[in-house]
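Have a look at model.cif; it's mmCIF, C-alpha atoms and all ligand atoms:
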data_upload
#
loop_
_atom_site.label_atom_id
_atom_site.label_comp_id
_atom_site.auth_asym_id
_atom_site.auth_seq_id
_atom_site.Cartn_x
_atom_site.Cartn_y
_atom_site.Cartn_z
CA MET C 2 -35.08 -36.74 -3.93
CA ASN C 3 -35.49 -33.25 -5.38
CA ILE C 4 -32.39 -31.13 -5.08
CA ILE C 5 -34.26 -28.06 -6.36
CA GLU C 6 -37.85 -27.17 -5.50
CA LEU C 7 -38.93 -23.83 -6.90
CA ASN C 8 -42.60 -23.17 -6.12
CA ASP C 9 -44.53 -20.38 -7.81
CA ILE C 10 -41.52 -18.08 -8.07
CA THR C 11 -42.10 -14.52 -9.29
CA LYS C 12 -39.57 -11.76 -9.78
CA SER C 13 -40.59 -8.18 -10.53
CA TYR C 14 -38.91 -4.84 -10.84
CA THR C 15 -40.58 -1.46 -10.65
CA ARG C 16 -39.61 1.04 -13.28
CA GLY C 17 -41.32 4.35 -12.55
CA ALA C 18 -45.02 3.59 -12.14
CA GLU C 19 -44.66 0.38 -14.11
CA GLU C 20 -44.18 -3.07 -12.63
CA LEU C 21 -42.07 -5.38 -14.80
CA GLN C 22 -42.75 -9.03 -14.08
CA ILE C 23 -39.71 -10.99 -15.22
CA LEU C 24 -40.58 -14.41 -13.73
CA ARG C 25 -44.30 -15.16 -13.68
CA GLY C 26 -44.92 -18.11 -11.41
CA ILE C 27 -42.18 -20.67 -12.04
CA THR C 28 -42.70 -24.07 -10.44
CA LEU C 29 -39.79 -26.37 -11.18
CA HIS C 30 -38.63 -29.45 -9.31
CA ILE C 31 -35.31 -31.03 -10.27
CA GLU C 32 -34.20 -34.46 -9.10
CA GLU C 33 -30.79 -35.22 -7.71
CA GLY C 34 -28.55 -36.60 -10.48
CA ASP C 35 -30.54 -35.07 -13.33
CA PHE C 36 -29.14 -33.01 -16.21
CA VAL C 37 -31.57 -30.22 -17.03
CA ALA C 38 -31.23 -27.58 -19.74
CA ILE C 39 -33.15 -24.33 -19.35
CA ILE C 40 -33.65 -22.86 -22.79
CA GLY C 41 -35.27 -19.66 -24.01
CA PRO C 42 -34.71 -16.65 -26.22
CA SER C 43 -32.89 -13.55 -25.04
CA GLY C 44 -34.98 -11.68 -22.46
CA SER C 45 -37.07 -14.71 -21.47
CA GLY C 46 -35.76 -14.67 -17.89
CA LYS C 47 -33.03 -17.35 -18.00
CA SER C 48 -30.39 -15.34 -16.17
CA THR C 49 -32.93 -14.16 -13.61
CA LEU C 50 -33.93 -17.78 -12.99
CA MET C 51 -30.28 -18.85 -12.83
CA ASN C 52 -29.54 -16.11 -10.28
CA THR C 53 -32.46 -17.37 -8.21
CA ILE C 54 -31.34 -21.01 -8.37
CA GLY C 55 -27.76 -19.90 -7.65
CA LEU C 56 -28.84 -17.89 -4.58
CA LEU C 57 -27.36 -14.76 -6.14
CA ASP C 58 -30.74 -12.99 -6.09
CA SER C 59 -33.97 -13.50 -4.15
CA PRO C 60 -37.39 -13.95 -5.74
CA THR C 61 -40.17 -11.40 -5.14
CA THR C 62 -42.60 -14.15 -4.10
CA GLY C 63 -42.57 -17.95 -3.96
CA THR C 64 -40.44 -20.51 -2.19
CA TYR C 65 -37.14 -22.18 -3.02
CA THR C 66 -35.79 -25.25 -1.26
CA LEU C 67 -32.23 -26.26 -2.19
CA ASP C 68 -31.06 -29.73 -1.13
CA GLY C 69 -33.66 -29.81 1.64
CA VAL C 70 -32.90 -26.29 2.92
CA ALA C 71 -35.73 -23.70 2.76
CA THR C 72 -34.05 -20.47 1.65
CA GLU C 73 -36.83 -17.86 1.95
CA LYS C 74 -36.10 -16.71 5.48
CA MET C 75 -32.33 -16.93 5.39
CA SER C 76 -30.03 -13.94 5.86
CA ASP C 77 -27.68 -12.82 3.06
CA ASN C 78 -24.81 -14.31 5.02
CA GLY C 79 -26.62 -17.63 5.42
CA LEU C 80 -27.43 -17.66 1.70
CA ALA C 81 -23.79 -16.98 0.81
CA GLN C 82 -22.66 -19.87 3.02
CA LEU C 83 -25.23 -22.21 1.51
CA ARG C 84 -24.17 -21.13 -1.99
CA ASN C 85 -20.48 -21.69 -1.23
CA ARG C 86 -21.17 -25.16 0.15
CA LYS C 87 -23.69 -26.44 -2.39
CA ILE C 88 -23.24 -24.82 -5.79
CA GLY C 89 -20.46 -24.92 -8.36
CA PHE C 90 -20.75 -22.24 -11.06
CA ILE C 91 -19.52 -22.43 -14.65
CA PHE C 92 -19.79 -19.21 -16.68
CA GLN C 93 -19.60 -18.27 -20.34
CA GLN C 94 -16.51 -16.08 -19.78
CA PHE C 95 -14.93 -18.63 -17.38
CA ASN C 96 -14.59 -15.91 -14.68
CA LEU C 97 -11.11 -17.00 -13.62
CA LEU C 98 -9.14 -14.41 -11.67
CA PRO C 99 -6.37 -13.27 -14.06
CA LYS C 100 -3.68 -12.69 -11.46
CA LEU C 101 -4.03 -16.13 -9.89
CA THR C 102 -2.63 -19.36 -11.30
CA ALA C 103 -4.93 -22.19 -12.38
CA MET C 104 -4.18 -23.94 -9.09
CA GLU C 105 -4.99 -20.84 -7.02
CA ASN C 106 -8.23 -20.31 -8.93
CA VAL C 107 -9.31 -23.86 -8.10
CA GLU C 108 -8.37 -23.30 -4.46
CA LEU C 109 -10.53 -20.17 -4.11
CA PRO C 110 -13.92 -21.75 -3.33
CA MET C 111 -12.18 -24.01 -0.82
CA ILE C 112 -10.74 -20.94 0.92
CA TYR C 113 -14.31 -19.59 1.20
CA ALA C 114 -15.39 -22.97 2.53
CA GLY C 115 -12.66 -22.84 5.20
CA ILE C 116 -10.74 -25.91 4.03
CA PRO C 117 -7.18 -26.04 5.45
CA ALA C 118 -4.31 -25.25 3.04
CA LYS C 119 -2.79 -28.71 2.76
CA GLN C 120 -6.12 -30.42 2.02
CA ARG C 121 -7.05 -27.58 -0.34
CA LYS C 122 -3.90 -27.95 -2.41
CA GLU C 123 -4.29 -31.72 -2.64
CA GLN C 124 -7.89 -31.40 -3.75
CA ALA C 125 -7.04 -28.64 -6.30
CA LYS C 126 -4.34 -30.87 -7.76
CA ARG C 127 -6.75 -33.82 -7.95
CA MET C 128 -9.42 -31.74 -9.69
CA LEU C 129 -6.98 -30.28 -12.23
CA GLU C 130 -5.74 -33.80 -12.98
CA LYS C 131 -9.33 -35.03 -13.38
CA LEU C 132 -9.89 -32.33 -16.00
CA GLY C 133 -6.65 -33.14 -17.83
CA MET C 134 -4.99 -29.94 -16.56
CA GLY C 135 -2.57 -31.48 -14.07
CA GLU C 136 0.44 -30.05 -15.91
CA ARG C 137 -0.99 -26.52 -16.05
CA GLY C 138 -1.52 -25.71 -12.41
CA HIS C 139 1.13 -22.97 -12.34
CA HIS C 140 -0.16 -21.21 -15.49
CA LYS C 141 -2.10 -17.95 -15.40
CA PRO C 142 -5.42 -17.87 -17.33
CA SER C 143 -3.87 -15.67 -20.06
CA GLU C 144 -1.40 -18.49 -20.79
CA LEU C 145 -4.20 -20.97 -21.46
CA SER C 146 -6.57 -21.49 -24.42
CA GLY C 147 -10.31 -20.88 -23.98
CA GLY C 148 -11.00 -24.59 -23.69
CA GLN C 149 -8.24 -24.99 -21.10
CA GLN C 150 -9.55 -22.03 -19.11
CA GLN C 151 -13.01 -23.58 -19.07
CA ARG C 152 -11.50 -26.86 -17.83
CA VAL C 153 -9.87 -24.94 -14.97
CA ALA C 154 -13.21 -23.25 -14.26
CA ILE C 155 -14.90 -26.66 -14.19
CA ALA C 156 -12.20 -27.98 -11.84
CA ARG C 157 -12.92 -24.97 -9.62
CA ALA C 158 -16.67 -25.65 -9.73
CA LEU C 159 -16.04 -29.26 -8.66
CA ALA C 160 -13.54 -28.43 -5.92
CA ILE C 161 -16.04 -28.31 -3.06
CA SER C 162 -17.97 -31.38 -4.31
CA PRO C 163 -21.09 -29.30 -4.89
CA SER C 164 -24.59 -30.78 -4.77
CA LEU C 165 -25.40 -28.79 -7.89
CA ILE C 166 -23.45 -27.52 -10.90
CA LEU C 167 -24.95 -24.46 -12.51
CA ALA C 168 -23.60 -23.69 -15.99
CA ASP C 169 -24.61 -20.47 -17.77
CA GLU C 170 -23.87 -20.69 -21.52
CA PRO C 171 -20.65 -22.64 -20.73
CA THR C 172 -19.72 -23.05 -24.41
CA GLY C 173 -20.76 -19.55 -25.52
CA ALA C 174 -17.20 -18.23 -25.73
CA LEU C 175 -15.65 -21.35 -27.29
CA ASP C 176 -15.26 -22.47 -30.90
CA SER C 177 -17.66 -25.25 -31.81
CA LYS C 178 -15.19 -28.14 -31.57
CA THR C 179 -13.98 -27.05 -28.13
CA GLY C 180 -17.58 -26.36 -27.12
CA ILE C 181 -18.54 -29.94 -27.96
CA GLU C 182 -15.63 -31.23 -25.88
CA VAL C 183 -16.68 -29.13 -22.90
CA LEU C 184 -20.27 -30.35 -23.27
CA GLU C 185 -19.03 -33.92 -23.32
CA LEU C 186 -17.12 -33.23 -20.13
CA ILE C 187 -20.28 -31.87 -18.52
CA LYS C 188 -22.19 -34.98 -19.67
CA GLU C 189 -19.55 -37.18 -18.14
CA LEU C 190 -19.75 -35.30 -14.83
CA ASN C 191 -23.48 -36.01 -14.87
CA GLN C 192 -22.82 -39.70 -15.53
CA GLN C 193 -20.58 -39.65 -12.45
CA GLY C 194 -23.59 -38.49 -10.41
CA ASN C 195 -23.38 -34.68 -10.48
CA THR C 196 -26.64 -32.77 -10.86
CA ILE C 197 -26.36 -30.26 -13.70
CA VAL C 198 -28.50 -27.25 -14.62
CA LEU C 199 -27.37 -25.79 -17.94
CA ILE C 200 -28.66 -22.44 -19.22
CA THR C 201 -28.60 -21.89 -22.97
CA HIS C 202 -30.37 -20.17 -25.83
CA ASP C 203 -29.24 -22.91 -28.25
CA HIS C 204 -31.39 -25.99 -29.00
CA HIS C 205 -28.43 -28.07 -30.13
CA ILE C 206 -26.75 -27.52 -26.79
CA ALA C 207 -29.96 -28.16 -24.85
CA ASP C 208 -30.31 -31.51 -26.64
CA ASN C 209 -27.34 -32.76 -24.61
CA ALA C 210 -29.45 -32.66 -21.44
CA LYS C 211 -31.77 -35.38 -20.14
CA ARG C 212 -34.58 -32.89 -19.56
CA VAL C 213 -35.25 -29.65 -21.43
CA VAL C 214 -37.30 -26.86 -19.83
CA ALA C 215 -38.28 -24.00 -22.13
CA LEU C 216 -38.89 -20.48 -20.85
CA ARG C 217 -40.72 -17.72 -22.64
CA ASP C 218 -41.63 -14.33 -21.16
CA GLY C 219 -40.92 -15.55 -17.65
CA GLU C 220 -43.03 -18.70 -17.87
CA ILE C 221 -42.28 -22.38 -18.46
CA ILE C 222 -43.87 -23.23 -21.80
CA SER C 223 -42.62 -26.81 -22.11
CA ASP C 224 -40.80 -29.42 -20.05
CA ILE C 225 -39.59 -32.45 -21.99
CA ARG C 226 -37.57 -35.55 -21.07
CA ASN C 227 -35.06 -36.31 -23.75
CA ASN C 228 -35.32 -40.07 -24.27
CA ALA C 229 -32.54 -40.08 -26.84
CA TRP C 230 -30.12 -39.35 -24.03
CA SER C 231 -27.93 -42.41 -23.77
CA VAL C 232 -25.12 -41.54 -26.15
CA ALA C 233 -21.71 -42.72 -25.00
CA VAL C 234 -19.23 -39.96 -24.24
CA PRO C 235 -15.45 -40.21 -24.41
CA LYS C 236 -13.48 -40.57 -21.20
CA LEU C 237 -12.06 -37.33 -19.80
CA GLU C 238 -8.49 -38.30 -20.56
CA GLU C 239 -9.38 -39.11 -24.19
CA ALA C 240 -10.93 -35.71 -24.92
CA HIS C 241 -7.95 -33.50 -25.70
CA LEU C 242 -8.39 -29.73 -25.75
P1 LIG H 1 -32.27 -13.83 -20.45
O1 LIG H 1 -31.15 -14.27 -19.60
O2 LIG H 1 -33.22 -14.94 -20.83
O3 LIG H 1 -31.83 -13.07 -21.65
P2 LIG H 1 -32.87 -12.02 -18.25
O4 LIG H 1 -33.27 -12.83 -17.08
O5 LIG H 1 -31.50 -11.48 -18.29
O6 LIG H 1 -33.19 -12.84 -19.59
O7 LIG H 1 -33.87 -10.78 -18.39
C1 LIG H 1 -35.27 -10.93 -18.56
C2 LIG H 1 -35.88 -9.56 -18.60
O8 LIG H 1 -35.73 -8.94 -17.34
C3 LIG H 1 -35.26 -8.64 -19.63
O9 LIG H 1 -36.30 -7.94 -20.28
C4 LIG H 1 -34.41 -7.70 -18.78
O10 LIG H 1 -34.34 -6.43 -19.37
C5 LIG H 1 -35.17 -7.64 -17.46
N1 LIG H 1 -34.33 -7.39 -16.30
C6 LIG H 1 -33.34 -8.21 -15.86
N2 LIG H 1 -32.75 -7.69 -14.76
C7 LIG H 1 -33.38 -6.52 -14.49
C8 LIG H 1 -33.23 -5.50 -13.48
N3 LIG H 1 -32.30 -5.60 -12.54
N4 LIG H 1 -34.06 -4.43 -13.55
C9 LIG H 1 -35.01 -4.34 -14.50
N5 LIG H 1 -35.20 -5.26 -15.47
C10 LIG H 1 -34.39 -6.34 -15.47
MG MG H 2 -29.09 -14.10 -19.87
#

Output the file's structure as structure tokens, nothing else.
Ligand code: ADP
Ligand code: MG
Amino acid sequence: MNIIELNDITKSYTRGAEELQILRGITLHIEEGDFVAIIGPSGSGKSTLMNTIGLLDSPTTGTYTLDGVATEKMSDNGLAQLRNRKIGFIFQQFNLLPKLTAMENVELPMIYAGIPAKQRKEQAKRMLEKLGMGERGHHKPSELSGGQQQRVAIARALAISPSLILADEPTGALDSKTGIEVLELIKELNQQGNTIVLITHDHHIADNAKRVVALRDGEIISDIRNNAWSVAVPKLEEAHL
């Protein structure tokens, strides 16, 4: 089954008399369980496409079905609910709330999803443990390294058992060794059945995915299955950050 069906998506902005077409007819179907990298140079439309897939912005024309739900005619409120239920986000700058502890950050999406406190805390604890951060639940983000913060952010993304994990340059703010460890974590999540869409401008990072879709000037210019993808990854508990 396709978890994502984008059909002939365009996105334009008007600037004065000019119309800027940022996405120029993107058709992209992604299967459940896949690991897809979307790669392209700066300005090619990656973030615009990510915002569309993440239901953070609506296309100008075209249709988008997420996990069987047609999104075109939905209200902003309906879109927000769908987003909160279906999508886990991982960002370059982690986007943890600085005043909350690691545990409270992981609980946040579950608060939005209306999960009762007891269940929420149990699940947050489980997710932090899964990411090797079980001992750090009471720490604030500023007390954690970059790699640890990204682990908390990944635990947060997983908290609601999302259908889709959307990662925008998730290693962009990490040193290369830590970046590799985070990528290996993301690979392992995919091997456990999570669908991943990873946005990057870096070919080496894109090579970690099973399928690589290249964007240029708002169009898909290539779409390649990476047959080399079968490399064993270390277990979560073995990858120390
Ligand atoms: P990427 O993430 O690949 O660098 P973006 O999707 O951020 O690309 O941007 C693609 C193009 O769209 C850029 O030229 C950018 O200036 C333009 N753009 C993005 N958002 C807007 C906006 N809100 N208004 C006008 N132009 C925009
Ligand atoms: Mg961008």

- Query: Between C:Glu130, C:Glu6, C:Glu20, C:Asp224, which one has atoms that come closest to ligand LIG 1 (chain H), using all atoms listed in the file?
  - Reply: C:Glu20

- Considering all atoms listed in the file, state which residue in the set C:Leu67, C:Ile39, C:Leu98, C:Ile91 is at the smallest distance from ligand LIG 1 (chain H). C:Ile39

- Item | Test item: residues no farther than 6 Å from ligand LIG 1 (chain H), counting all atoms listed in the file, as a ChimeraX atom specification | /C:14,23,42-49

- Message: Considering only C-alpha atoms and all ligand atoms, can you say which of C:Met51, C:Leu165, C:Gln82, C:Leu29 comes closest to ligand MG 2 (chain H)?
- Response: C:Met51

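Of the listed residues C:Leu216, C:Leu186, C:Leu56, C:Ala154, the one whose atoms come nearest to ligand MG 2 (chain H) is C:Leu216, with distances taken using all atoms listed in the file.
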
- Task: Check the smallest atom-to-atom distance from each of C:Val213, C:Met128, C:Leu199, C:Ile88 to ligand MG 2 (chain H) using all atoms listed in the file, then report the winner.
- Result: C:Leu199

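Between Glu105 of chain C and the candidates C:Gly79, C:Gly41, C:Gly138, C:Gly63, the tightest atom-to-atom separation, counting only C-alpha atoms, involves C:Gly138.
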
- Query: What is the atom CA of Gln193 of chain C-atom CA of Asp169 of chain C distance in Å, reported with one decimal?
  - Reply: 20.3 Å

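Going from atom CA of Glu220 of chain C over to atom CA of Ile166 of chain C, you cover 22.6 Å.
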
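When atom CA of Leu190 of chain C is paired with atom CA of Leu145 of chain C, their separation reads 22.2 Å.
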
- Task: With a distance cut-off of 10 Å and only C-alpha atoms, select the neighbouring residues of Leu109 of chain C, excluding the residue or stretch itself and same-chain residues fewer than 5 positions from it, and output the selection as a VMD selection string.
- Result: chain C and resid 98 101 104 114 to 116 121 125 157 to 158 160 to 161

- Message: Would you pick out the contacts of Pro60 of chain C at 7 Å or less, using all atoms listed in the file, so that residues sharing its chain but fewer than 6 positions from it are not included, and give the list as a PyMOL selection string?
- Response: chain C and resi 10-12+53

Centre, edges in Å (one decimal): axis-aligned box, segment 174-185 of chain C, 8 Å padding on all six sides, as lines of an AutoDock Vina configuration file:
center_x = -17.1
center_y = -26.1
center_z = -27.4
size_x = 22.3
size_y = 31.7
size_z = 24.9

- Taking (-14.5, -21.3, -23.3) in the file's coordinates, which residues come within 7 Å, counting only C-alpha atoms, written as JSON, numbers by chain? {"C": [93, 94, 95, 147, 148, 150, 151, 171, 172, 173, 174, 175]}

- Contact residues around Arg86 of chain C with only C-alpha atoms at 10 Å, ignoring same-chain residues under 3 positions, as a ChimeraX atom specification: /C:80-83,89,110-111,113-114,161-165
